[in-house]
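Visitor: Sharing a structure, written as structure tokens. Questions coming.
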Amino acid sequence: MSGIARWCFRHRFIVIGGWLLLLAVLAVGMRAAGGASFSEEYSLPGTESTKATELLETQFERTSGDASTIVLHATGGKVTDPAVEADVNRMLARVAEVPEVGAVAGPFAPGGAGQISRDGETAYATVTFTKQKQSLDTDNIQKVVDLGSELRSDTLRVEFGGAAIGELDKPSTSSSELIGLLAAAVIMLFAFGSFLAMAIPIIAAVLALGSAIFAIDLLTRVMSVPSTAPIIAAFIGLGVGIDYALFVVARYRGGIRAGLGPEEATVTAMNTSGRAVIFAGGTVAVAMLGLLMLGFSILSGIGLSAAIMVVFAVAVAVTLLPALFGVFGMRVLSRRQRARLQAEGPSEAQVSAGWARWAGFVQKRPVPLTIAATAVMLVLVIPFFSMRLGSSDAGNNPPDTTTRQAYDLLADGFGPGHNGPLQLVAKTPSAQAASDFTRLGQEIEGVPGVAAVRTPPAVPGATVRTMQVIPTGSPQSVRTSDLIDTLRDRVIPAHEKDGLTVYVGGLTAVHKDFAAALSGKMLLFVTIVVVLGCLLLMLAFRSVLIPLTAAVMNLLSAGAGFGIVVAVFQWGWGSSALGAGPAGPVESFLPPMMLAVLFGLSMDYEVFLVSRIHEEWLHTGDNNLAVRRGQAATGQIITAVAIIMICVFTAFVFVGMRIIAEFGLGVAVAILLDALVVRTILVPAAMQLFGKWNWYLPKAVDRVLPHVSVEGPSQAPAASARLHALPRADEADGADGRSPVTDKRGA
């Protein structure tokens with residue numbers, strides 16, 4: 001690292017210019033490629049919903065895509081008034097001519113009486129596209145909306161529902177990113193007391209964020225990447241980008257205060273914090289790339305996007321920061337700090353006396369503190385065990401969106417099940433099979449949880465029939481999920497004879513199948529992420545207990561985060577207040593994404609804390625003293641970066657997208673607990689109890705593992721010397737009850 005740090009420091013303007021050039025090249029390349037091309041496509045081979053879609057495509061390709069609704073509500077009169085009917089029919093005729101629209105079923109067409117509410121005030125038309133929503137041109141979706149909107153008046157409301165329409169309703173996250181940046185700036189200004197020291201991490205994070213976003217946009221041209229990927233990657237990038245830069249800047253400032261010149265302070269910072277940043281970033285990237293192992297293209301796109309963001313954040317930290325140190329030099333200290341340095345001479349890195357006292361407090365009471373902290377975490381984990389995965393419906397969308405208003409109008413006029421009908425697709429190779437399918441529909445009408453059954457007329461010569469089953473519950477309700485199981489497991493199998501084969505499909509069934517498929521792979525995913533994390537920590541610290549302890553602590557933090565998500569969003573304890581709608585299932589995508597991010601970020605804090613403890617252990621051979629000094633030296637900076645992370649992720653809770661709100665709140669809570677409970681109490685207490693066993697590694701394993709130094713060459717003695725004033729655990733408190741630490745030191 002020293003060679004790279006020196007080169008970047010001495011060729012500072014080349015490095016800065018290179019990063020700006022790379023940003024420009026990526027921006028131009030993205031524009032030349034035609035911009036981002038996001039896709040929500042994911043395949044579920046072998047599931048019933050996929051088989052239903054594939055069977056439908058064999059004979060009804062033009063009507064096998066997503067179905068949307070145009071909802072009409074008369075605020076004065078009836079929708080059946082002749083003038084309204086004429087206008088609606090003309091509008092629907094024009095909608096039918098829009099590219100990628102396969103069929104339009106209006107309420108005033110033959111057989112459309114069921115699309116008009118009993119009071120005559122609400123009606124809806126179904127627009128079936130030729131493709132699934134992820135493959136549609138958004139311009140064509142917008143044309144449908146524009147044509148329908150022309151009918152809006154003081155007496156007629158027109159709203160639009162369906163997954164395809166939802167693609168137009170996604171809110172901007174730019175304000176949340178700005179809030180996160182401002183919060184980070186305030187925290188760093190308070191911590192450093194210097195505008196430039198605050199500005200450097202912000203500059204680094206913004207440059208990494210911009211470059212990575214353009215790279216992700218280019219990635220969408222070669223693989224399936226969902227539209228939520230850059231949002232998730234953005235707040236991961238803001239968090240780790242600022243945090244990594246903050247650790248390096250703090251170490252550089254400590255070197256300057258200790259009397260090192262700017263270049264030597266840069267080399268020292270990169271050989272210590274810089275190495276830790278590379279290792280920590282590697283753990284986050286590995287955790288995010290673990291999403292590729294699940295085999296779902298949509299999650300692979302999210303994982304790869306997040307990994308790209310982390311790689312840029314690390315690259316900026318280890319190359320751009322030395323260049324910026326070369327530009328700003330001593331000015332990373334405030335004027336007052338520089339004047340004090342000139343007047344009083346070099347001083348050792350300051351450690352907060354408060355953190356020193358707290359470290360001693362934990363060491364003296366490891367058992368009761370461990371029991372209390374573990375009890376708190378376990379209580380928060382309890383809701384996790386009732387987690388129900390699924391997909392929230394449009395009833396959770398912000399109230400001002402057209403999809404939410406269409407949902408409410410349909411629910412009020414027809415019942416909530418009309419917002420997510422099930423589609424039964426049958427293979428009827430014979431007349432007897434077709435007759436059996438008709439009898440199946442008659443039986444389904446009497447199944448509990450079914451509001452209505454609609455069977456369109458058979459197409460002459462077709463061997464595929466369809467049936468629409470309207471549930472009594474909303475698409476996200478437990479009743480609807482149970483109804484799908486009832487149809488698949490009990491009702492349909494009794495009628496599958498004479499060649500009749502029936503599959504339950506529709507968007508609601510797709511979401512249920514995705515949740516089931518993902519749940520079946522979660523154990524493997526968790527195992528892979530935990531094992532890889534343990535191997536990386538074992539490689540870094542030559543220990544068996546430290547990786548195992550970290551894995552348990554990380555799972556505890558993640559479980560508590562999931563517990564809060566379940567309580568807020570599934571049980572409804574505050575979801576409406578957050579603008580995420582009423583209670584509903586936890587999004588199926590959330591567990592793997594959130595677990596990958598949390599494992600990566602928790603490993604960050606583990607690396608920064610334990611690497612400092614490891615420095616002390618290598619120098620003193622005294623485990624108790626090493627744990628005490630390491631926690632005292634890193635407590636303040638780890639708390640600061642955790643607060644920044646919490647601010648960044650919390651800012652995204654209010655963007656108006658339920659899955660982003662779940663993700664933001666879950667990660668923010670987990671980081672809060674990780675910083676305040678795990679790194680402050682559980683980890684140091686456990687290391688105190690384990691003693692020298694913390695550093696045990698079987699000789700056979702030691703011979704096989706390559707040697708990797710997180711602390712850098714010859715750093716441990718120097719680091720320890722700067723902490724010589726910190727007392728041993730048995731000297732923590734003087735006779736007067738005050739800490740004998742005389743110099744307050746920051747990370």
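Naming scheme: A, B, ... for chains in displayed order of the structure tokens; residues 1 onward per chain; ligands 1 onward as shown.
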Within 12 Å of A:Gly329, counting only C-alpha atoms, which residues show up once you throw out same-chain ones fewer than 2 positions away? Write them as an MDAnalysis selection string, please.
Guide: chainID A and resid 9:10 12 196:197 200 249 252:253 255:256 260:266 321:327 331:334 338
Visitor: I'd like to know which residues of stretch 45-229 of chain A are strand (DSSP E) (by DSSP, run on the backbone); could you write them as a ChimeraX atom specification?
Guide: /A:67-74,101-105,122-129,156-161
Visitor: May I have the residues within 8 Å of stretch 492-501 of chain A as an mmCIF file with N, CA and C atoms, in the first residue's frame, using only C-alpha atoms and disregarding those fewer than 5 positions away in the same chain?
Guide:
data_model
loop_
_atom_site.group_PDB
_atom_site.id
_atom_site.type_symbol
_atom_site.label_atom_id
_atom_site.label_comp_id
_atom_site.auth_asym_id
_atom_site.auth_seq_id
_atom_site.Cartn_x
_atom_site.Cartn_y
_atom_site.Cartn_z
ATOM 1 N N ALA A 426 -55.777 -23.828 -18.765
ATOM 2 C CA ALA A 426 -55.980 -25.269 -18.883
ATOM 3 C C ALA A 426 -55.644 -25.770 -20.285
ATOM 4 N N LYS A 427 -55.097 -26.963 -20.325
ATOM 5 C CA LYS A 427 -54.875 -27.670 -21.588
ATOM 6 C C LYS A 427 -56.055 -28.620 -21.777
ATOM 7 N N THR A 428 -56.858 -28.346 -22.813
ATOM 8 C CA THR A 428 -58.082 -29.128 -23.043
ATOM 9 C C THR A 428 -58.004 -29.790 -24.422
ATOM 10 N N PRO A 429 -57.313 -30.922 -24.514
ATOM 11 C CA PRO A 429 -57.119 -31.547 -25.826
ATOM 12 C C PRO A 429 -58.361 -32.235 -26.386
ATOM 13 N N SER A 430 -59.421 -32.377 -25.570
ATOM 14 C CA SER A 430 -60.623 -33.069 -26.041
ATOM 15 C C SER A 430 -61.867 -32.351 -25.551
ATOM 16 N N GLN A 432 -64.227 -33.706 -23.905
ATOM 17 C CA GLN A 432 -64.484 -34.127 -22.533
ATOM 18 C C GLN A 432 -63.657 -33.301 -21.556
ATOM 19 N N ALA A 433 -62.393 -33.009 -21.936
ATOM 20 C CA ALA A 433 -61.537 -32.189 -21.078
ATOM 21 C C ALA A 433 -62.112 -30.790 -20.944
ATOM 22 N N ALA A 434 -62.633 -30.232 -22.053
ATOM 23 C CA ALA A 434 -63.241 -28.910 -21.998
ATOM 24 C C ALA A 434 -64.460 -28.914 -21.089
ATOM 25 N N ASP A 436 -64.931 -30.971 -18.561
ATOM 26 C CA ASP A 436 -64.422 -31.073 -17.192
ATOM 27 C C ASP A 436 -63.974 -29.708 -16.676
ATOM 28 N N PHE A 437 -63.396 -28.915 -17.560
ATOM 29 C CA PHE A 437 -62.934 -27.575 -17.163
ATOM 30 C C PHE A 437 -64.124 -26.703 -16.779
ATOM 31 N N LEU A 440 -65.252 -27.717 -13.424
ATOM 32 C CA LEU A 440 -64.296 -27.223 -12.436
ATOM 33 C C LEU A 440 -64.640 -25.797 -12.035
ATOM 34 N N LEU A 487 -56.793 -24.419 -4.231
ATOM 35 C CA LEU A 487 -57.065 -24.754 -5.635
ATOM 36 C C LEU A 487 -56.041 -25.749 -6.170
#
Visitor: Check the smallest atom-to-atom distance from each of A:Arg94, A:Arg157, A:Arg629, A:Arg6 to A:Thr402 using only C-alpha atoms, then report the winner.
Guide: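 Nearest candidate to A:Thr402 out of A:Arg94, A:Arg157, A:Arg629, A:Arg6: A:Arg157.
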Visitor: Kindly provide the residues of stretch 492-596 of chain A that approach stretch 372-388 of chain A to within 12 Å, each paired with its closest atom pair and their distance in Å to one decimal, based on only C-alpha atoms, listed by chain and increasing number, as a tab-separated table.
Guide:
residue	atom	partner	partner_atom	distance
A:Lys512	CA	A:Arg388	CA	10.6
A:Ala515	CA	A:Arg388	CA	9.2
A:Ala516	CA	A:Arg388	CA	10.6
A:Ser519	CA	A:Arg388	CA	10.4
A:Val552	CA	A:Thr374	CA	11.1
A:Met553	CA	A:Thr374	CA	9.5
A:Asn554	CA	A:Met377	CA	11.3
A:Leu555	CA	A:Val381	CA	10.0
A:Leu556	CA	A:Met377	CA	6.8
A:Ser557	CA	A:Met377	CA	7.4
A:Ala558	CA	A:Val381	CA	8.5
A:Gly559	CA	A:Val381	CA	5.1
A:Ala560	CA	A:Val381	CA	4.3
A:Gly561	CA	A:Val381	CA	7.6
A:Phe562	CA	A:Phe384	CA	5.6
A:Gly563	CA	A:Phe384	CA	4.3
A:Ile564	CA	A:Leu380	CA	6.9
A:Val565	CA	A:Phe384	CA	8.2
A:Val566	CA	A:Pro383	CA	6.1
A:Ala567	CA	A:Pro383	CA	6.3
A:Val568	CA	A:Pro383	CA	10.0
A:Phe569	CA	A:Met387	CA	10.2
A:Gln570	CA	A:Met387	CA	7.5
A:Trp571	CA	A:Pro383	CA	9.1
A:Trp573	CA	A:Pro383	CA	11.8
A:Ala583	CA	A:Arg388	CA	11.3
A:Gly584	CA	A:Arg388	CA	8.7
A:Pro585	CA	A:Arg388	CA	5.4
A:Val586	CA	A:Arg388	CA	6.1
A:Glu587	CA	A:Arg388	CA	8.6
A:Ser588	CA	A:Arg388	CA	8.7
A:Leu590	CA	A:Met387	CA	11.3
A:Pro591	CA	A:Met387	CA	10.1
Visitor: Check the DSSP output for the backbone and give back, as a ChimeraX atom specification, the residues of stretch 183-290 of chain A in alpha helix (DSSP H).
Guide: /A:183-192,195-219,229-257,262-269,275-289
Visitor: Would you work out the distance separating atom CA of A:Pro99 from atom CA of A:Ser39, expressed in Å to one decimal?
Guide: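 Computed distance, atom CA of A:Pro99 to atom CA of A:Ser39, equals 19.0 Å.
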Visitor: List the neighbours of A:Thr403 out to 8 Å using only C-alpha atoms; skip same-chain residues closer than 2 positions along the sequence, and give me the result as a PyMOL selection string.
Guide: chain A and resi 159-162+165-166+169+394+397+401+405-407
Visitor: Leaving out A:Asp87 and any residue of its chain fewer than 6 positions from it, which residues lie within 12 Å of it when counting only C-alpha atoms, given as a PyMOL selection string?
Guide: chain A and resi 72+79-81+93-94+106+108+147-153+156
Visitor: For stretch 207-220 of chain A, work out the shell of residues within 10 Å, counting only C-alpha atoms and skipping chain neighbours fewer than 4 positions away, then give it as an MDAnalysis selection string.
Guide: chainID A and resid 19:20 22:39 201:203 224:227 229:231 233:238 241:242 301:302 304:317 320
